[in-house]
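Presented below is the structure to which this report refers.
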Amino acid sequence: MCGIFGVRGQADAVGLTKLGLYSLQHRGQESAGIVAVDERGDARGVRSMGLVSEMPSPQLEALHGTMAIGHTRYSTAGSSSIENAQPMLVSSRGGHISLAHNGNLTNAGELRVELEEHGSIFASSMDSEVIVHRLARSSALKPEERLADALRGVEGAYSILIVLGDTLIAARDPRGWRPLVMGRLDGAPVFGSETCALDIVGAHYERDIEAGEIFAVDADGERSIFPFEKKELKRCVFEHVYFARPDSRIFGGSVDRARRALGHRLAQECPAPGAELVFSVPDSSNSAAIGFAEESGLPYELALIRNHYVGRTFIQPTQATRDAKVRLKYNAVREVLQGKRVVMVDDSIVRGTTTRGLVQLVRAAGAAEVHMRVSSAPVTGPCYYGIDTPSRDELIAANHTLEEIRTSLGVDSLGYLSLDGMLQSVPGGPHGFCHACFSGDYPTPPPTDPDKLRYGCGC
Ligand code: AMP
């Protein structure tokens, strides 16, 4: 997954973009980058591995411009390299092209082979690069039409920001998998993956970039086109469940409200009679656990404390380091747990490693009973549209019954939210969401080589 941000018509476009990226850091910690276009029309960029705060100051200070786009990239197995950091910046016969992409293209492999057969040379292993090559080939006159040309035949998920000469373009695939919002700051448009990125720069939210829309802004003004056949909406439900920040609005709804509703519904579907308190696995399940507490009437407690200076457990490459990382990242509060029958709420179980480690911590801190409640349905399949989920054989719920999972996690009871309950709880549901990783209902044919996609994906 990734975070993208862009502005045009701002004296300090670089400073604003850096701020925007700070608030999208949760969407990607592998690399960060900014490309800016200065008063003379020259485009330059800085890309570095690691966090936004780790971007090299001297290079950043040398970046100037009134238009900029930025990107934070989510870590995916095996593809952590500077060549895959974004925004990409290339020069072509029509001038510079820069791209920041969130999502995964499902037919990038085929498109790449086709381009290579015509002589294209690729500089990265990212799916996103095919869009840049196709843009360079289009001979359409208007920038937005060049992008429409480039995207015709591209399948899968993309929320993208593109700089093409003096034009800033924002676009979303026709199924609208990934969020992309537009705000205004002093009359000029600001774009970001989530509204928290608008808040930090003081822009007010205007609207979402719509599924299938290409929105362009330059010296000639603002233009919006919908060049593709309309498709059924497939917004990613996991954005509401886990990925986005609770202070954001995405897909026209509040993430906090979505997670609370998921928690309410979870308490209705899977109550825990006899339990004395409820706590969350911080931070992503805080709102859902509050929802569970509101609905069940149980007190909400802080029983797990998260160390914010340790990265996500999920991205650790081996099982052994993942296990140790659970203890590095979380500790239990004995005074809250001692002798208590407790409900532990998490937003999702993927491999099960985190839960297993946490249950051991919670029991070691004296909990008498541990009742695990999950505010999403069981994850049974990989995502091909931008969330980094492991292959099916590593997904605990793809290969085990509920009772086997319960035993393996070491909990007294286990309850997942139903697929229906999940879809009915999110704003704008139950229709218009992609739930392929929970239901196996993939809106596009899976990529021919999913491993390659995983290795080479943009985000
Ligand atoms: P696991 O140990 O594999 O079951 O990981 C589950 C934990 O990781 C949960 O606490 C989730 O909040 C979190 N999580 C779920 N999906 C992802 C993801 N795609 N990337 C990173 N963390 C995730």
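Residues in the structure tokens are numbered from 1 in each chain, the chains being A, B, ... in the order shown, and ligands are numbered from 1 in the order shown.
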
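Near A:Arg245, within 9 Å and counting only C-alpha atoms, sit Leu24, His26, Arg27, Glu194, Cys196, Glu239, Val255, Asp256 and Ser284 of chain A; same-chain residues fewer than 6 positions away were not included.
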
For the residues selected in the previous step, produce a file with C-alpha atoms as a compact mmCIF listing (two decimals), in the first residue's frame.
# COMPACT_ATOMS: atom_id res chain seq x y z
CA LEU A 24 0.26 9.42 5.24
CA HIS A 26 0.97 4.86 8.10
CA ARG A 27 0.30 3.92 4.46
CA GLU A 194 -6.93 10.38 2.90
CA CYS A 196 -5.92 13.54 7.28
CA GLU A 239 -9.19 0.41 4.11
CA VAL A 255 -13.12 5.67 9.29
CA ASP A 256 -13.73 6.12 13.02
CA SER A 284 -5.61 0.02 14.47

Would you pick out the contacts of A:Glu155 at 7 Å or less, using only C-alpha atoms, so that residues sharing its chain but fewer than 6 positions from it are not included, and give the list as a PDB file with all heavy atoms, in the first residue's frame?
ATOM      1  N   LEU A 105      -1.538  -3.019 -10.190  1.00  0.00           N
ATOM      2  CA  LEU A 105      -2.100  -3.315 -11.507  1.00  0.00           C
ATOM      3  C   LEU A 105      -2.055  -4.832 -11.691  1.00  0.00           C
ATOM      4  O   LEU A 105      -1.035  -5.457 -11.410  1.00  0.00           O
ATOM      5  CB  LEU A 105      -1.283  -2.627 -12.598  1.00  0.00           C
ATOM      6  CG  LEU A 105      -1.008  -1.135 -12.356  1.00  0.00           C
ATOM      7  CD1 LEU A 105      -0.172  -0.563 -13.491  1.00  0.00           C
ATOM      8  CD2 LEU A 105      -2.319  -0.372 -12.206  1.00  0.00           C
ATOM      9  N   THR A 106      -3.153  -5.416 -12.137  1.00  0.00           N
ATOM     10  CA  THR A 106      -3.182  -6.881 -12.204  1.00  0.00           C
ATOM     11  C   THR A 106      -2.686  -7.430 -13.537  1.00  0.00           C
ATOM     12  O   THR A 106      -2.426  -8.621 -13.640  1.00  0.00           O
ATOM     13  CB  THR A 106      -4.599  -7.411 -11.921  1.00  0.00           C
ATOM     14  OG1 THR A 106      -5.517  -6.692 -12.732  1.00  0.00           O
ATOM     15  CG2 THR A 106      -4.971  -7.258 -10.467  1.00  0.00           C
ATOM     16  N   ASN A 107      -2.578  -6.590 -14.561  1.00  0.00           N
ATOM     17  CA  ASN A 107      -2.047  -7.101 -15.836  1.00  0.00           C
ATOM     18  C   ASN A 107      -0.740  -6.404 -16.215  1.00  0.00           C
ATOM     19  O   ASN A 107      -0.372  -6.337 -17.384  1.00  0.00           O
ATOM     20  CB  ASN A 107      -3.081  -6.971 -16.963  1.00  0.00           C
ATOM     21  CG  ASN A 107      -3.430  -5.520 -17.270  1.00  0.00           C
ATOM     22  OD1 ASN A 107      -3.128  -4.635 -16.466  1.00  0.00           O
ATOM     23  ND2 ASN A 107      -4.037  -5.273 -18.418  1.00  0.00           N
TER      24      ASN A 107
END

* Please give me, as a list in words, the residues lying within 6 Å of ligand 1 when counting only C-alpha atoms and all ligand atoms. => Ser284, Phe314, Asp346, Asp347, Ser348, Ile349, Val350, Arg351, Gly352, Thr353, Thr354, Thr355, Ile387, Asp388 and Thr389 of chain A

Write out as a CSV table (one decimal) with all heavy atoms, in the first residue's frame the residues lying within 12 Å of A:Asn102, counting only C-alpha atoms and excluding same-chain residues fewer than 6 positions away.
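Resulting contents of selection.csv:
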chain,number,residue,atom,x,y,z
A,1,MET,N,0.9,-1.2,0.0
A,1,MET,CA,0.0,0.0,0.0
A,1,MET,C,0.9,1.2,0.0
A,1,MET,O,2.1,1.2,0.3
A,1,MET,CB,-0.9,0.0,1.2
A,1,MET,CG,-1.9,1.0,1.2
A,1,MET,SD,-3.0,0.9,-0.2
A,1,MET,CE,-4.0,-0.4,0.2
A,2,CYS,N,0.3,2.4,-0.3
A,2,CYS,CA,1.1,3.6,-0.4
A,2,CYS,C,0.2,4.8,0.0
A,2,CYS,O,-1.0,4.7,-0.1
A,2,CYS,CB,1.7,3.8,-1.8
A,2,CYS,SG,2.7,2.4,-2.4
A,3,GLY,N,0.9,5.9,0.2
A,3,GLY,CA,0.2,7.1,0.4
A,3,GLY,C,0.7,8.1,-0.7
A,3,GLY,O,1.9,8.1,-1.0
A,4,ILE,N,-0.2,8.9,-1.2
A,4,ILE,CA,0.1,9.9,-2.3
A,4,ILE,C,-0.4,11.2,-1.9
A,4,ILE,O,-1.5,11.3,-1.3
A,4,ILE,CB,-0.3,9.4,-3.7
A,4,ILE,CG1,-1.8,9.2,-3.8
A,4,ILE,CG2,0.5,8.2,-4.1
A,4,ILE,CD1,-2.3,8.9,-5.2
A,5,PHE,N,0.3,12.3,-2.3
A,5,PHE,CA,-0.1,13.6,-2.0
A,5,PHE,C,0.4,14.5,-3.1
A,5,PHE,O,1.4,14.3,-3.7
A,5,PHE,CB,0.5,14.1,-0.7
A,5,PHE,CG,0.1,15.4,-0.2
A,5,PHE,CD1,-1.0,15.6,0.6
A,5,PHE,CD2,0.8,16.6,-0.6
A,5,PHE,CE1,-1.5,16.8,1.0
A,5,PHE,CE2,0.4,17.8,-0.1
A,5,PHE,CZ,-0.7,18.0,0.6
A,24,LEU,N,0.6,10.7,6.0
A,24,LEU,CA,0.3,9.4,5.2
A,24,LEU,C,1.3,8.4,5.5
A,24,LEU,O,1.4,7.4,4.8
A,24,LEU,CB,0.1,9.7,3.7
A,24,LEU,CG,-1.0,10.7,3.3
A,24,LEU,CD1,-0.9,11.0,1.9
A,24,LEU,CD2,-2.4,10.0,3.7
A,27,ARG,N,0.6,4.7,5.7
A,27,ARG,CA,0.3,3.9,4.5
A,27,ARG,C,1.6,3.3,3.8
A,27,ARG,O,1.5,2.6,2.8
A,27,ARG,CB,-0.5,4.8,3.4
A,27,ARG,CG,-1.8,5.2,3.9
A,27,ARG,CD,-2.6,6.0,2.9
A,27,ARG,NE,-3.0,5.2,1.8
A,27,ARG,CZ,-4.2,4.5,1.8
A,27,ARG,NH1,-5.0,4.6,2.8
A,27,ARG,NH2,-4.5,3.8,0.7
A,28,GLY,N,2.7,3.7,4.3
A,28,GLY,CA,3.9,3.2,3.8
A,28,GLY,C,5.2,3.7,4.5
A,28,GLY,O,5.3,4.9,4.7
A,70,GLY,N,4.1,13.7,-3.9
A,70,GLY,CA,4.9,12.9,-3.0
A,70,GLY,C,4.3,11.5,-2.8
A,70,GLY,O,3.1,11.3,-3.1
A,71,HIS,N,5.1,10.7,-2.2
A,71,HIS,CA,4.7,9.2,-2.1
A,71,HIS,C,5.4,8.6,-0.9
A,71,HIS,O,6.5,8.9,-0.6
A,71,HIS,CB,5.2,8.5,-3.4
A,71,HIS,CG,4.8,7.1,-3.6
A,71,HIS,ND1,5.5,6.0,-3.1
A,71,HIS,CD2,3.7,6.6,-4.2
A,71,HIS,CE1,4.8,4.9,-3.5
A,71,HIS,NE2,3.7,5.3,-4.1
A,72,THR,N,4.6,7.8,-0.1
A,72,THR,CA,5.2,7.0,0.9
A,72,THR,C,4.9,5.6,0.5
A,72,THR,O,3.7,5.2,0.1
A,72,THR,CB,4.6,7.2,2.3
A,72,THR,OG1,3.1,7.1,2.2
A,72,THR,CG2,4.9,8.6,2.8
A,73,ARG,N,5.9,4.7,0.5
A,73,ARG,CA,5.7,3.4,0.0
A,73,ARG,C,5.7,2.3,1.1
A,73,ARG,O,6.5,2.3,2.0
A,73,ARG,CB,6.8,3.0,-1.0
A,73,ARG,CG,6.7,1.7,-1.6
A,73,ARG,CD,7.5,1.6,-2.9
A,73,ARG,NE,7.1,0.4,-3.7
A,73,ARG,CZ,7.7,-0.7,-3.6
A,73,ARG,NH1,8.8,-0.9,-3.0
A,73,ARG,NH2,7.3,-1.8,-4.3
A,74,TYR,N,4.7,1.4,0.9
A,74,TYR,CA,4.5,0.3,1.9
A,74,TYR,C,5.5,-0.8,1.6
A,74,TYR,O,5.7,-1.1,0.4
A,74,TYR,CB,3.1,-0.1,1.7
A,74,TYR,CG,2.6,-1.2,2.6
A,74,TYR,CD1,2.6,-1.0,4.0
A,74,TYR,CD2,2.1,-2.4,2.1
A,74,TYR,CE1,2.1,-2.0,4.8
A,74,TYR,CE2,1.7,-3.4,2.9
A,74,TYR,CZ,1.6,-3.2,4.2
A,74,TYR,OH,1.2,-4.2,5.0
A,86,GLN,N,9.1,5.9,-5.1
A,86,GLN,CA,8.4,6.8,-6.0
A,86,GLN,C,8.4,8.2,-5.3
A,86,GLN,O,8.7,8.3,-4.1
A,86,GLN,CB,7.0,6.3,-6.1
A,86,GLN,CG,6.9,5.0,-6.9
A,86,GLN,CD,5.5,4.7,-7.4
A,86,GLN,OE1,4.6,5.6,-7.5
A,86,GLN,NE2,5.2,3.5,-7.7
A,87,PRO,N,8.0,9.3,-6.0
A,87,PRO,CA,7.5,9.3,-7.4
A,87,PRO,C,8.6,9.0,-8.4
A,87,PRO,O,9.8,9.4,-8.2
A,87,PRO,CB,7.0,10.8,-7.6
A,87,PRO,CG,6.9,11.4,-6.2
A,87,PRO,CD,7.9,10.6,-5.3
A,126,MET,N,8.7,-2.2,-10.7
A,126,MET,CA,7.3,-1.8,-10.2
A,126,MET,C,6.3,-1.9,-11.4
A,126,MET,O,6.6,-1.6,-12.5
A,126,MET,CB,7.3,-0.4,-9.8
A,126,MET,CG,7.8,-0.3,-8.3
A,126,MET,SD,7.6,1.4,-7.9
A,126,MET,CE,8.8,2.2,-9.0
A,127,ASP,N,5.1,-2.4,-11.0
A,127,ASP,CA,4.0,-2.4,-12.0
A,127,ASP,C,3.7,-1.0,-12.5
A,127,ASP,O,3.4,-0.8,-13.7
A,127,ASP,CB,2.7,-3.0,-11.3
A,127,ASP,CG,2.3,-2.2,-10.1
A,127,ASP,OD1,3.1,-1.4,-9.6
A,127,ASP,OD2,1.1,-2.4,-9.7
A,128,SER,N,3.9,0.0,-11.6
A,128,SER,CA,3.5,1.4,-12.0
A,128,SER,C,4.3,1.9,-13.2
A,128,SER,O,3.8,2.8,-13.9
A,128,SER,CB,3.9,2.3,-10.8
A,128,SER,OG,3.7,1.7,-9.6
A,156,GLY,N,-6.8,-3.3,-12.9
A,156,GLY,CA,-6.4,-3.4,-11.5
A,156,GLY,C,-6.6,-2.1,-10.8
A,156,GLY,O,-7.4,-1.2,-11.2
A,157,ALA,N,-5.9,-1.9,-9.7
A,157,ALA,CA,-6.1,-0.7,-8.8
A,157,ALA,C,-5.1,0.4,-9.0
A,157,ALA,O,-3.9,0.1,-9.0
A,157,ALA,CB,-6.1,-1.2,-7.3
A,158,TYR,N,-5.6,1.6,-9.2
A,158,TYR,CA,-4.7,2.7,-9.2
A,158,TYR,C,-5.4,4.0,-8.8
A,158,TYR,O,-6.5,4.3,-9.3
A,158,TYR,CB,-4.1,3.0,-10.6
A,158,TYR,CG,-5.0,3.1,-11.8
A,158,TYR,CD1,-5.6,4.3,-12.1
A,158,TYR,CD2,-5.3,2.0,-12.6
A,158,TYR,CE1,-6.5,4.4,-13.2
A,158,TYR,CE2,-6.1,2.0,-13.6
A,158,TYR,CZ,-6.7,3.3,-13.9
A,158,TYR,OH,-7.6,3.4,-15.0
A,159,SER,N,-4.8,4.6,-7.7
A,159,SER,CA,-5.1,6.0,-7.4
A,159,SER,C,-3.8,6.6,-7.7
A,159,SER,O,-2.8,6.3,-7.1
A,159,SER,CB,-5.5,6.2,-6.0
A,159,SER,OG,-6.9,5.9,-5.8
A,160,ILE,N,-3.8,7.6,-8.6
A,160,ILE,CA,-2.5,8.1,-9.1
A,160,ILE,C,-2.4,9.6,-9.1
A,160,ILE,O,-3.5,10.3,-9.4
A,160,ILE,CB,-2.0,7.6,-10.4
A,160,ILE,CG1,-3.1,7.6,-11.5
A,160,ILE,CG2,-1.4,6.2,-10.3
A,160,ILE,CD1,-2.7,7.1,-12.8
A,161,LEU,N,-1.3,10.2,-8.9
A,161,LEU,CA,-1.0,11.6,-9.2
A,161,LEU,C,0.1,11.7,-10.2
A,161,LEU,O,1.1,10.9,-10.0
A,161,LEU,CB,-0.6,12.3,-7.9
A,161,LEU,CG,-1.7,12.4,-6.8
A,161,LEU,CD1,-1.2,13.0,-5.5
A,161,LEU,CD2,-2.9,13.3,-7.4
A,162,ILE,N,-0.1,12.5,-11.2
A,162,ILE,CA,0.9,12.6,-12.3
A,162,ILE,C,1.2,14.0,-12.6
A,162,ILE,O,0.3,14.9,-12.6
A,162,ILE,CB,0.4,11.9,-13.5
A,162,ILE,CG1,0.3,10.4,-13.3
A,162,ILE,CG2,1.2,12.2,-14.8
A,162,ILE,CD1,0.0,9.6,-14.4
A,170,ALA,N,-4.9,14.0,-11.4
A,170,ALA,CA,-5.2,13.0,-10.3
A,170,ALA,C,-6.2,12.0,-11.0
A,170,ALA,O,-7.1,12.4,-11.8
A,170,ALA,CB,-5.9,13.6,-9.2
A,171,ALA,N,-6.0,10.7,-10.8
A,171,ALA,CA,-6.9,9.7,-11.4
A,171,ALA,C,-7.2,8.5,-10.5
A,171,ALA,O,-6.3,8.2,-9.7
A,171,ALA,CB,-6.4,9.3,-12.8
A,172,ARG,N,-8.3,7.9,-10.7
A,172,ARG,CA,-8.7,6.7,-9.9
A,172,ARG,C,-9.3,5.7,-10.9
A,172,ARG,O,-10.0,6.0,-11.8
A,172,ARG,CB,-9.8,7.1,-8.9
A,172,ARG,CG,-9.4,6.8,-7.5
A,172,ARG,CD,-10.4,7.3,-6.6
A,172,ARG,NE,-11.0,6.2,-5.8
A,172,ARG,CZ,-12.2,6.3,-5.3
A,172,ARG,NH1,-12.9,7.4,-5.4
A,172,ARG,NH2,-12.7,5.3,-4.6
A,173,ASP,N,-8.9,4.4,-10.7
A,173,ASP,CA,-9.4,3.4,-11.6
A,173,ASP,C,-11.0,3.3,-11.5
A,173,ASP,O,-11.6,3.7,-10.6
A,173,ASP,CB,-8.8,2.0,-11.3
A,173,ASP,CG,-9.2,1.5,-9.9
A,173,ASP,OD1,-10.3,1.0,-9.8
A,173,ASP,OD2,-8.5,1.7,-8.9
A,176,GLY,N,-12.5,2.0,-8.4
A,176,GLY,CA,-12.2,2.9,-7.2
A,176,GLY,C,-11.7,2.2,-6.0
A,176,GLY,O,-12.0,2.5,-4.9
A,177,TRP,N,-10.8,1.2,-6.2
A,177,TRP,CA,-10.3,0.4,-5.1
A,177,TRP,C,-9.7,1.2,-4.0
A,177,TRP,O,-10.0,1.0,-2.8
A,177,TRP,CB,-9.2,-0.6,-5.6
A,177,TRP,CG,-9.7,-1.9,-5.9
A,177,TRP,CD1,-10.0,-2.9,-4.9
A,177,TRP,CD2,-9.8,-2.6,-7.1
A,177,TRP,NE1,-10.4,-4.0,-5.5
A,177,TRP,CE2,-10.2,-3.9,-6.9
A,177,TRP,CE3,-9.6,-2.2,-8.4
A,177,TRP,CZ2,-10.5,-4.8,-7.9
A,177,TRP,CZ3,-9.8,-3.1,-9.4
A,177,TRP,CH2,-10.3,-4.4,-9.2
A,178,ARG,N,-8.8,2.2,-4.4
A,178,ARG,CA,-8.1,2.9,-3.4
A,178,ARG,C,-8.6,4.3,-3.3
A,178,ARG,O,-9.1,4.9,-4.3
A,178,ARG,CB,-6.6,3.0,-3.8
A,178,ARG,CG,-5.9,1.7,-3.9
A,178,ARG,CD,-5.6,1.1,-2.5
A,178,ARG,NE,-5.7,-0.4,-2.6
A,178,ARG,CZ,-6.3,-1.2,-1.7
A,178,ARG,NH1,-6.9,-0.7,-0.7
A,178,ARG,NH2,-6.3,-2.5,-1.9
A,179,PRO,N,-8.6,4.9,-2.1
A,179,PRO,CA,-9.2,6.3,-1.9
A,179,PRO,C,-8.3,7.3,-2.5
A,179,PRO,O,-7.1,7.1,-2.7
A,179,PRO,CB,-9.2,6.4,-0.4
A,179,PRO,CG,-8.2,5.5,0.2
A,179,PRO,CD,-8.1,4.4,-0.8
A,180,LEU,N,-8.9,8.5,-2.9
A,180,LEU,CA,-8.1,9.7,-3.3
A,180,LEU,C,-9.1,10.8,-3.1
A,180,LEU,O,-10.2,10.9,-3.7
A,180,LEU,CB,-7.7,9.5,-4.8
A,180,LEU,CG,-6.8,10.7,-5.3
A,180,LEU,CD1,-5.5,10.9,-4.5
A,180,LEU,CD2,-6.4,10.4,-6.8
A,192,GLY,N,-4.9,14.0,-1.8
A,192,GLY,CA,-4.2,13.1,-0.9
A,192,GLY,C,-5.0,11.8,-0.8
A,192,GLY,O,-6.2,11.7,-1.1
A,193,SER,N,-4.3,10.8,-0.3
A,193,SER,CA,-4.9,9.5,-0.2
A,193,SER,C,-6.1,9.5,0.8
A,193,SER,O,-7.1,8.8,0.6
A,193,SER,CB,-3.9,8.4,0.3
A,193,SER,OG,-2.9,8.2,-0.7
A,194,GLU,N,-5.9,10.3,1.9
A,194,GLU,CA,-6.9,10.4,2.9
A,194,GLU,C,-7.1,11.8,3.3
A,194,GLU,O,-6.2,12.6,3.2
A,194,GLU,CB,-6.5,9.6,4.1
A,194,GLU,CG,-6.3,8.1,3.9
A,194,GLU,CD,-5.8,7.4,5.1
A,194,GLU,OE1,-6.0,7.8,6.2
A,194,GLU,OE2,-5.1,6.3,4.9
A,385,TYR,N,-4.7,-6.2,-5.2
A,385,TYR,CA,-5.1,-4.8,-5.5
A,385,TYR,C,-4.4,-3.8,-4.6
A,385,TYR,O,-4.9,-2.7,-4.5
A,385,TYR,CB,-6.6,-4.7,-5.5
A,385,TYR,CG,-7.3,-5.8,-6.2
A,385,TYR,CD1,-8.1,-6.7,-5.6
A,385,TYR,CD2,-7.2,-5.9,-7.6
A,385,TYR,CE1,-8.7,-7.8,-6.3
A,385,TYR,CE2,-7.8,-6.9,-8.3
A,385,TYR,CZ,-8.5,-7.8,-7.6
A,385,TYR,OH,-9.1,-8.9,-8.3
A,386,GLY,N,-3.3,-4.2,-3.9
A,386,GLY,CA,-2.6,-3.2,-3.2
A,386,GLY,C,-2.3,-3.4,-1.8
A,386,GLY,O,-1.5,-2.7,-1.2
A,387,ILE,N,-3.0,-4.4,-1.1
A,387,ILE,CA,-2.7,-4.7,0.3
A,387,ILE,C,-1.7,-5.8,0.3
A,387,ILE,O,-1.9,-6.8,-0.4
A,387,ILE,CB,-3.9,-5.0,1.1
A,387,ILE,CG1,-5.0,-4.0,1.0
A,387,ILE,CG2,-3.6,-5.4,2.5
A,387,ILE,CD1,-5.0,-3.0,2.1
A,457,CYS,N,5.4,-5.2,-7.2
A,457,CYS,CA,4.3,-4.2,-7.1
A,457,CYS,C,4.7,-2.8,-6.7
A,457,CYS,O,5.7,-2.6,-6.1
A,457,CYS,CB,3.3,-4.8,-6.2
A,457,CYS,SG,3.8,-4.6,-4.5
A,458,GLY,N,3.9,-1.9,-7.2
A,458,GLY,CA,4.1,-0.5,-6.8
A,458,GLY,C,3.9,-0.3,-5.3
A,458,GLY,O,4.7,0.1,-4.6
A,459,CYS,N,2.7,-0.7,-4.9
A,459,CYS,CA,2.4,-0.6,-3.5
A,459,CYS,C,1.1,-1.2,-3.2
A,459,CYS,O,0.2,-1.3,-4.0
A,459,CYS,CB,2.3,0.9,-3.0
A,459,CYS,SG,1.5,1.9,-4.2

* Asked: Which residue, A:Gly165, A:Glu301, A:Ala275, A:Leu19, has the smallest gap to A:Arg40 when you use only C-alpha atoms?
  ->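 Closest residue, counting only C-alpha atoms: A:Gly165.
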